[in-house]
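The structure under discussion appears below in the form of C-alpha cells.
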Amino acid sequence: MRISARADYAVRAALQLAVSQDDGPLKAEAIADAQDIPHKFLEGILNDMRRGGLVLSQRGGNGGYRLAKPADSISIADVIRVVDGPLVSVRGVRPPDLSYTGPAESLLPLWIALRSNVRAILDGVTLADVAGSALPAGVSALTDVPDAWTNP
C-alpha cells in the first residue's frame, strides 16, 4: 500500500490545524512553512479538504483555515479519503466490485481483508490522537513487531 504525497501533506496540514485550533485560522503559507509542504500544492489540498467538509476557510487579514469540527472527530481515514478517494482499491476499483476466477479467485477475500485492516487502523485514529502522541494501544502495539520498521 502506498500513501501518496497528497495524502501525507493533507494529514500533516490537518495536524497543524489541530494543534492550532485555539489560535484562530492559519494561513496556508504558515501551514506550508511549518510542515515543509510546497505552498501551491497545499492550496489545492486545502481546497479539497474544504469541499470535503474537513476545513473551513475565512477571507481577510485575519483569514486562513481551521478545522470544521473537533480534531477528535476527524479520523486519518477521513482526511485521506477526501484528498485521495477510497483507502484501498485495486487498479482504481474497490474490492467488492472485483471478480476473479480460477487460481486467482482467493485474491478477492485477500483484498477485502487488507481493506478491512487498513480501515480499522485509519478509521480508528483521529487527528487528536496523532497530534497528542496518543495512538490507540492496538495501533501502537503493531509498531512493536520487530519487522515493522524494516523493509524486506
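Every chain in the C-alpha cells takes a letter, A first, then B, and so on in the order presented; its residues are numbered from 1, and the ligands are numbered from 1 following the presented order.
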
Original post:
region 38-43 of chain A: which residues within 10 Å, counting only C-alpha atoms, same-chain residues fewer than 2 positions away excluded, as a PyMOL selection string?
Top reply: chain A and resi 5-6+9-10+13+28-33+35-36+45-49

Atoms to include: all heavy atoms. Write the selected residues as a short mmCIF file (atom, residue, chain, number, x, y, z; two decimals), in the first residue's frame.
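As a result, again-v4.cif now contains:
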```
data_model
loop_
_atom_site.label_atom_id
_atom_site.label_comp_id
_atom_site.auth_asym_id
_atom_site.auth_seq_id
_atom_site.Cartn_x
_atom_site.Cartn_y
_atom_site.Cartn_z
N ALA A 5 1.91 11.45 -1.72
CA ALA A 5 2.39 12.72 -1.16
C ALA A 5 1.20 13.61 -0.82
O ALA A 5 1.19 14.28 0.21
CB ALA A 5 3.30 13.42 -2.17
N ARG A 6 0.18 13.58 -1.66
CA ARG A 6 -1.03 14.38 -1.43
C ARG A 6 -1.68 14.01 -0.10
O ARG A 6 -2.05 14.88 0.69
CB ARG A 6 -1.98 14.17 -2.60
CG ARG A 6 -3.19 15.02 -2.58
CD ARG A 6 -3.97 14.85 -3.91
NE ARG A 6 -5.05 15.78 -3.96
CZ ARG A 6 -4.94 17.07 -4.22
NH1 ARG A 6 -3.77 17.59 -4.47
NH2 ARG A 6 -6.00 17.85 -4.23
N TYR A 9 0.67 15.05 2.85
CA TYR A 9 0.60 16.50 3.07
C TYR A 9 -0.73 16.90 3.70
O TYR A 9 -0.77 17.77 4.57
CB TYR A 9 0.77 17.26 1.75
CG TYR A 9 2.15 17.19 1.14
CD1 TYR A 9 2.35 17.54 -0.19
CD2 TYR A 9 3.28 16.78 1.86
CE1 TYR A 9 3.59 17.51 -0.78
CE2 TYR A 9 4.53 16.73 1.28
CZ TYR A 9 4.68 17.10 -0.05
OH TYR A 9 5.92 17.07 -0.64
N ALA A 10 -1.81 16.28 3.25
CA ALA A 10 -3.13 16.61 3.80
C ALA A 10 -3.21 16.27 5.28
O ALA A 10 -3.72 17.07 6.08
CB ALA A 10 -4.22 15.87 3.02
N ALA A 13 -1.07 18.76 7.21
CA ALA A 13 -1.73 20.06 7.29
C ALA A 13 -2.87 20.01 8.30
O ALA A 13 -3.04 20.94 9.12
CB ALA A 13 -2.27 20.47 5.91
N ALA A 28 -2.44 29.50 4.75
CA ALA A 28 -1.83 28.37 4.04
C ALA A 28 -0.31 28.46 4.07
O ALA A 28 0.37 27.45 4.22
CB ALA A 28 -2.34 28.32 2.61
N GLU A 29 0.22 29.68 3.95
CA GLU A 29 1.67 29.87 3.97
C GLU A 29 2.27 29.38 5.29
O GLU A 29 3.33 28.78 5.31
CB GLU A 29 2.05 31.33 3.76
CG GLU A 29 1.62 31.90 2.43
CD GLU A 29 0.19 32.45 2.44
OE1 GLU A 29 -0.39 32.68 3.53
OE2 GLU A 29 -0.36 32.62 1.35
N ALA A 30 1.59 29.67 6.39
CA ALA A 30 2.08 29.26 7.71
C ALA A 30 2.09 27.73 7.83
O ALA A 30 3.03 27.15 8.38
CB ALA A 30 1.24 29.88 8.81
N ILE A 31 1.03 27.10 7.32
CA ILE A 31 0.96 25.63 7.36
C ILE A 31 2.07 25.04 6.48
O ILE A 31 2.78 24.12 6.89
CB ILE A 31 -0.42 25.13 6.88
CG1 ILE A 31 -1.53 25.67 7.78
CG2 ILE A 31 -0.45 23.60 6.82
CD1 ILE A 31 -2.93 25.48 7.21
N ALA A 32 2.22 25.59 5.28
CA ALA A 32 3.24 25.11 4.35
C ALA A 32 4.63 25.24 4.96
O ALA A 32 5.44 24.31 4.88
CB ALA A 32 3.15 25.87 3.03
N ASP A 33 4.91 26.39 5.58
CA ASP A 33 6.22 26.59 6.20
C ASP A 33 6.45 25.64 7.37
O ASP A 33 7.51 25.05 7.51
CB ASP A 33 6.37 28.04 6.67
CG ASP A 33 6.53 29.02 5.53
OD1 ASP A 33 6.81 28.59 4.39
OD2 ASP A 33 6.35 30.24 5.77
N GLN A 35 5.18 22.74 7.96
CA GLN A 35 5.27 21.33 7.61
C GLN A 35 6.14 21.05 6.38
O GLN A 35 6.20 19.93 5.90
CB GLN A 35 3.86 20.77 7.37
CG GLN A 35 3.04 20.64 8.64
CD GLN A 35 3.68 19.66 9.60
OE1 GLN A 35 4.15 18.60 9.21
NE2 GLN A 35 3.70 20.03 10.88
N ASP A 36 6.80 22.08 5.87
CA ASP A 36 7.67 21.94 4.70
C ASP A 36 6.92 21.30 3.53
O ASP A 36 7.35 20.29 2.95
CB ASP A 36 8.92 21.13 5.06
CG ASP A 36 10.01 21.27 4.01
OD1 ASP A 36 10.04 22.30 3.32
OD2 ASP A 36 10.82 20.32 3.87
N ILE A 45 -4.82 21.10 -1.98
CA ILE A 45 -5.20 20.13 -0.96
C ILE A 45 -6.19 20.75 0.01
O ILE A 45 -7.22 20.15 0.35
CB ILE A 45 -3.95 19.60 -0.22
CG1 ILE A 45 -3.11 18.73 -1.15
CG2 ILE A 45 -4.34 18.84 1.04
CD1 ILE A 45 -1.73 18.40 -0.63
N LEU A 46 -5.91 21.97 0.46
CA LEU A 46 -6.82 22.65 1.40
C LEU A 46 -8.18 22.91 0.75
O LEU A 46 -9.22 22.81 1.42
CB LEU A 46 -6.19 23.95 1.90
CG LEU A 46 -5.02 23.77 2.86
CD1 LEU A 46 -4.28 25.09 3.07
CD2 LEU A 46 -5.49 23.20 4.19
N ASN A 47 -8.19 23.22 -0.54
CA ASN A 47 -9.47 23.39 -1.24
C ASN A 47 -10.26 22.09 -1.27
O ASN A 47 -11.48 22.09 -1.07
CB ASN A 47 -9.26 23.94 -2.65
CG ASN A 47 -9.01 25.43 -2.65
OD1 ASN A 47 -9.51 26.15 -1.79
ND2 ASN A 47 -8.22 25.89 -3.60
N ASP A 48 -9.59 20.98 -1.51
CA ASP A 48 -10.27 19.67 -1.48
C ASP A 48 -10.79 19.38 -0.08
O ASP A 48 -11.91 18.87 0.08
CB ASP A 48 -9.31 18.54 -1.90
CG ASP A 48 -9.04 18.52 -3.39
OD1 ASP A 48 -9.75 19.22 -4.15
OD2 ASP A 48 -8.10 17.81 -3.80
N MET A 49 -10.01 19.71 0.92
CA MET A 49 -10.43 19.47 2.30
C MET A 49 -11.62 20.38 2.67
O MET A 49 -12.50 19.97 3.42
CB MET A 49 -9.26 19.68 3.25
CG MET A 49 -8.19 18.60 3.09
SD MET A 49 -6.68 18.91 4.02
CE MET A 49 -7.26 18.74 5.69
#
```

**OP:** For region 111-123 of chain A, list every protein, DNA or RNA residue within 6 Å, evaluated using only C-alpha atoms, and leave out those in the same chain fewer than 3 positions away; present the list as JSON, numbers by chain.
**Re:** {"A": [75, 76, 77, 88, 108]}

For the strand (DSSP E) assignment from backbone DSSP, which residues of region 47-134 of chain A qualify? Please present them as a PDB file with N, CA and C atoms, in the first residue's frame.
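Just written: part.pdb:
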```pdb
ATOM      1  N   VAL A  55     -12.281  21.268   6.536  1.00  0.00           N
ATOM      2  CA  VAL A  55     -11.773  22.564   6.965  1.00  0.00           C
ATOM      3  C   VAL A  55     -12.712  23.670   6.511  1.00  0.00           C
ATOM      4  N   LEU A  56     -12.623  24.768   7.211  1.00  0.00           N
ATOM      5  CA  LEU A  56     -13.351  25.985   6.852  1.00  0.00           C
ATOM      6  C   LEU A  56     -12.314  27.032   6.484  1.00  0.00           C
ATOM      7  N   SER A  57     -12.662  27.885   5.545  1.00  0.00           N
ATOM      8  CA  SER A  57     -11.751  28.956   5.183  1.00  0.00           C
ATOM      9  C   SER A  57     -12.416  30.291   5.468  1.00  0.00           C
ATOM     10  N   GLN A  58     -11.574  31.248   5.766  1.00  0.00           N
ATOM     11  CA  GLN A  58     -12.044  32.583   6.091  1.00  0.00           C
ATOM     12  C   GLN A  58     -11.163  33.566   5.341  1.00  0.00           C
ATOM     13  N   GLY A  64      -7.801  32.578   6.966  1.00  0.00           N
ATOM     14  CA  GLY A  64      -6.998  31.371   6.900  1.00  0.00           C
ATOM     15  C   GLY A  64      -7.885  30.156   6.972  1.00  0.00           C
ATOM     16  N   TYR A  65      -7.333  29.066   7.455  1.00  0.00           N
ATOM     17  CA  TYR A  65      -8.044  27.793   7.526  1.00  0.00           C
ATOM     18  C   TYR A  65      -8.116  27.310   8.970  1.00  0.00           C
ATOM     19  N   ARG A  66      -9.186  26.593   9.254  1.00  0.00           N
ATOM     20  CA  ARG A  66      -9.328  25.927  10.544  1.00  0.00           C
ATOM     21  C   ARG A  66     -10.135  24.663  10.321  1.00  0.00           C
ATOM     22  N   LEU A  67     -10.032  23.742  11.263  1.00  0.00           N
ATOM     23  CA  LEU A  67     -10.801  22.505  11.151  1.00  0.00           C
ATOM     24  C   LEU A  67     -12.285  22.820  11.251  1.00  0.00           C
TER      25      LEU A  67
END
```

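Within the 12 Å cut-off around Ser99 (chain A), using only C-alpha atoms and omitting residues fewer than 5 positions from it on the same chain, the listed residues are Val90, Val93, Arg94, Ala104, Glu105, Ser106, Leu107, Leu108, Pro109, Trp111 and Ile112 of chain A.
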
Residue subset to file, keeping C-alpha atoms, as a short mmCIF file (atom, residue, chain, number, x, y, z; two decimals), in the first residue's frame:
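So selection-v6.cif came out as:
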```cif
data_model
loop_
_atom_site.label_atom_id
_atom_site.label_comp_id
_atom_site.auth_asym_id
_atom_site.auth_seq_id
_atom_site.Cartn_x
_atom_site.Cartn_y
_atom_site.Cartn_z
CA VAL A 90 -7.12 -2.43 -6.99
CA VAL A 93 -11.65 -0.40 -8.45
CA ARG A 94 -12.99 -1.03 -4.95
CA ALA A 104 -6.86 -16.00 -8.61
CA GLU A 105 -10.31 -16.46 -7.01
CA SER A 106 -8.85 -16.20 -3.50
CA LEU A 107 -7.46 -12.74 -4.25
CA LEU A 108 -10.82 -11.10 -3.63
CA PRO A 109 -11.07 -12.13 0.04
CA TRP A 111 -8.07 -7.66 -0.87
CA ILE A 112 -11.19 -7.40 1.32
#
```

Original post:
Looking at A:Gly102, A:Gly52, A:Pro96, A:Pro70, which one is nearest to Val83 (chain A), with distances taken over only C-alpha atoms?
Top reply: A:Gly52

**OP:** Per DSSP on the backbone, filter chain A down to the residues in helix (DSSP H, G or I) and report them as number ranges by chain.
**Re:** A: 5-19, 21-23, 28-35, 39-51, 71-73, 76-84, 95-97, 102-104, 107-123, 127-131, 137-142, 146-149

Kindly export the residues of the current selection with C-alpha atoms, as a CSV table (one decimal), in the first residue's frame.
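Just written: selection_21.csv:
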```csv
chain,number,residue,atom,x,y,z
A,5,ALA,CA,2.4,12.7,-1.2
A,6,ARG,CA,-1.0,14.4,-1.4
A,7,ALA,CA,-2.4,12.3,1.4
A,8,ASP,CA,0.7,12.7,3.5
A,9,TYR,CA,0.6,16.5,3.1
A,10,ALA,CA,-3.1,16.6,3.8
A,11,VAL,CA,-2.7,14.7,7.1
A,12,ARG,CA,0.2,16.9,8.1
A,13,ALA,CA,-1.7,20.1,7.3
A,14,ALA,CA,-4.7,18.8,9.2
A,15,LEU,CA,-2.5,18.0,12.2
A,16,GLN,CA,-1.0,21.5,12.1
A,17,LEU,CA,-4.6,22.9,12.1
A,18,ALA,CA,-5.5,20.5,15.0
A,19,VAL,CA,-2.7,21.8,17.3
A,21,GLN,CA,-7.4,25.2,16.9
A,22,ASP,CA,-7.4,27.7,19.7
A,23,ASP,CA,-5.2,30.2,17.9
A,28,ALA,CA,-1.8,28.4,4.0
A,29,GLU,CA,1.7,29.9,4.0
A,30,ALA,CA,2.1,29.3,7.7
A,31,ILE,CA,1.0,25.6,7.4
A,32,ALA,CA,3.2,25.1,4.3
A,33,ASP,CA,6.2,26.6,6.2
A,34,ALA,CA,5.6,24.7,9.4
A,35,GLN,CA,5.3,21.3,7.6
A,39,HIS,CA,2.6,26.1,-0.9
A,40,LYS,CA,0.8,25.8,-4.3
A,41,PHE,CA,0.3,22.1,-3.8
A,42,LEU,CA,-1.0,22.7,-0.3
A,43,GLU,CA,-3.6,25.3,-1.6
A,44,GLY,CA,-5.2,22.6,-3.8
A,45,ILE,CA,-5.2,20.1,-1.0
A,46,LEU,CA,-6.8,22.7,1.4
A,47,ASN,CA,-9.5,23.4,-1.2
A,48,ASP,CA,-10.3,19.7,-1.5
A,49,MET,CA,-10.4,19.5,2.3
A,50,ARG,CA,-12.8,22.5,2.3
A,51,ARG,CA,-15.0,20.9,-0.3
A,71,ALA,CA,-9.8,17.1,15.9
A,72,ASP,CA,-11.1,14.1,18.0
A,73,SER,CA,-13.9,13.6,15.5
A,76,ILE,CA,-6.9,10.0,9.5
A,77,ALA,CA,-9.0,8.0,7.1
A,78,ASP,CA,-11.4,10.9,6.7
A,79,VAL,CA,-8.5,13.1,5.5
A,80,ILE,CA,-7.1,10.5,3.1
A,81,ARG,CA,-10.5,9.8,1.6
A,82,VAL,CA,-11.2,13.5,0.9
A,83,VAL,CA,-7.9,14.0,-1.0
A,84,ASP,CA,-7.3,10.6,-2.5
A,95,PRO,CA,-12.5,-4.7,-3.9
A,96,PRO,CA,-16.3,-5.5,-3.7
A,97,ASP,CA,-16.6,-4.6,-7.4
A,102,GLY,CA,-9.5,-19.9,-11.3
A,103,PRO,CA,-6.4,-19.8,-9.1
A,104,ALA,CA,-6.9,-16.0,-8.6
A,107,LEU,CA,-7.5,-12.7,-4.2
A,108,LEU,CA,-10.8,-11.1,-3.6
A,109,PRO,CA,-11.1,-12.1,0.0
A,110,LEU,CA,-7.4,-11.2,0.5
A,111,TRP,CA,-8.1,-7.7,-0.9
A,112,ILE,CA,-11.2,-7.4,1.3
A,113,ALA,CA,-9.2,-8.4,4.4
A,114,LEU,CA,-6.5,-5.9,3.5
A,115,ARG,CA,-9.2,-3.2,3.1
A,116,SER,CA,-10.7,-4.2,6.5
A,117,ASN,CA,-7.4,-3.9,8.3
A,118,VAL,CA,-6.5,-0.6,6.7
A,119,ARG,CA,-9.9,0.8,7.6
A,120,ALA,CA,-9.6,-0.5,11.2
A,121,ILE,CA,-6.4,1.4,11.7
A,122,LEU,CA,-7.0,4.6,9.8
A,123,ASP,CA,-10.7,5.0,10.9
A,127,LEU,CA,-6.2,13.9,14.4
A,128,ALA,CA,-6.3,14.4,18.1
A,129,ASP,CA,-4.7,11.0,18.8
A,130,VAL,CA,-1.7,11.8,16.5
A,131,ALA,CA,-1.4,15.4,17.5
A,137,ALA,CA,-3.0,0.8,22.1
A,138,GLY,CA,-3.7,-1.6,19.3
A,139,VAL,CA,-2.0,0.6,16.8
A,140,SER,CA,1.0,1.2,19.0
A,141,ALA,CA,1.3,-2.5,19.5
A,142,LEU,CA,1.7,-3.0,15.8
A,146,PRO,CA,10.3,-6.5,15.1
A,147,ASP,CA,9.8,-6.4,11.3
A,148,ALA,CA,7.5,-3.4,11.3
A,149,TRP,CA,10.4,-1.0,10.9
```

Original post:
Any idea what the distance is between CA of Lys27 (chain A) and CA of Thr126 (chain A)?
Top reply: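 According to the coordinates, CA of Lys27 (chain A) and CA of Thr126 (chain A) are separated by 22.5 Å.
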
**OP:** Give me, please, the distance in Å between CA of Leu26 (chain A) and CA of Arg59 (chain A), quoted to one decimal.
**Re:**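 Those two atoms sit 11.0 Å apart.
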
Original post:
How many Å lie between CA of Ala134 (chain A) and CA of Thr150 (chain A), rounded to one decimal?
Top reply: 22.9 Å

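Residue nearest Met1 (chain A), chosen from A:Gly53, A:Ser89, A:Ile37, A:Pro25 and counting only C-alpha atoms: A:Ser89.
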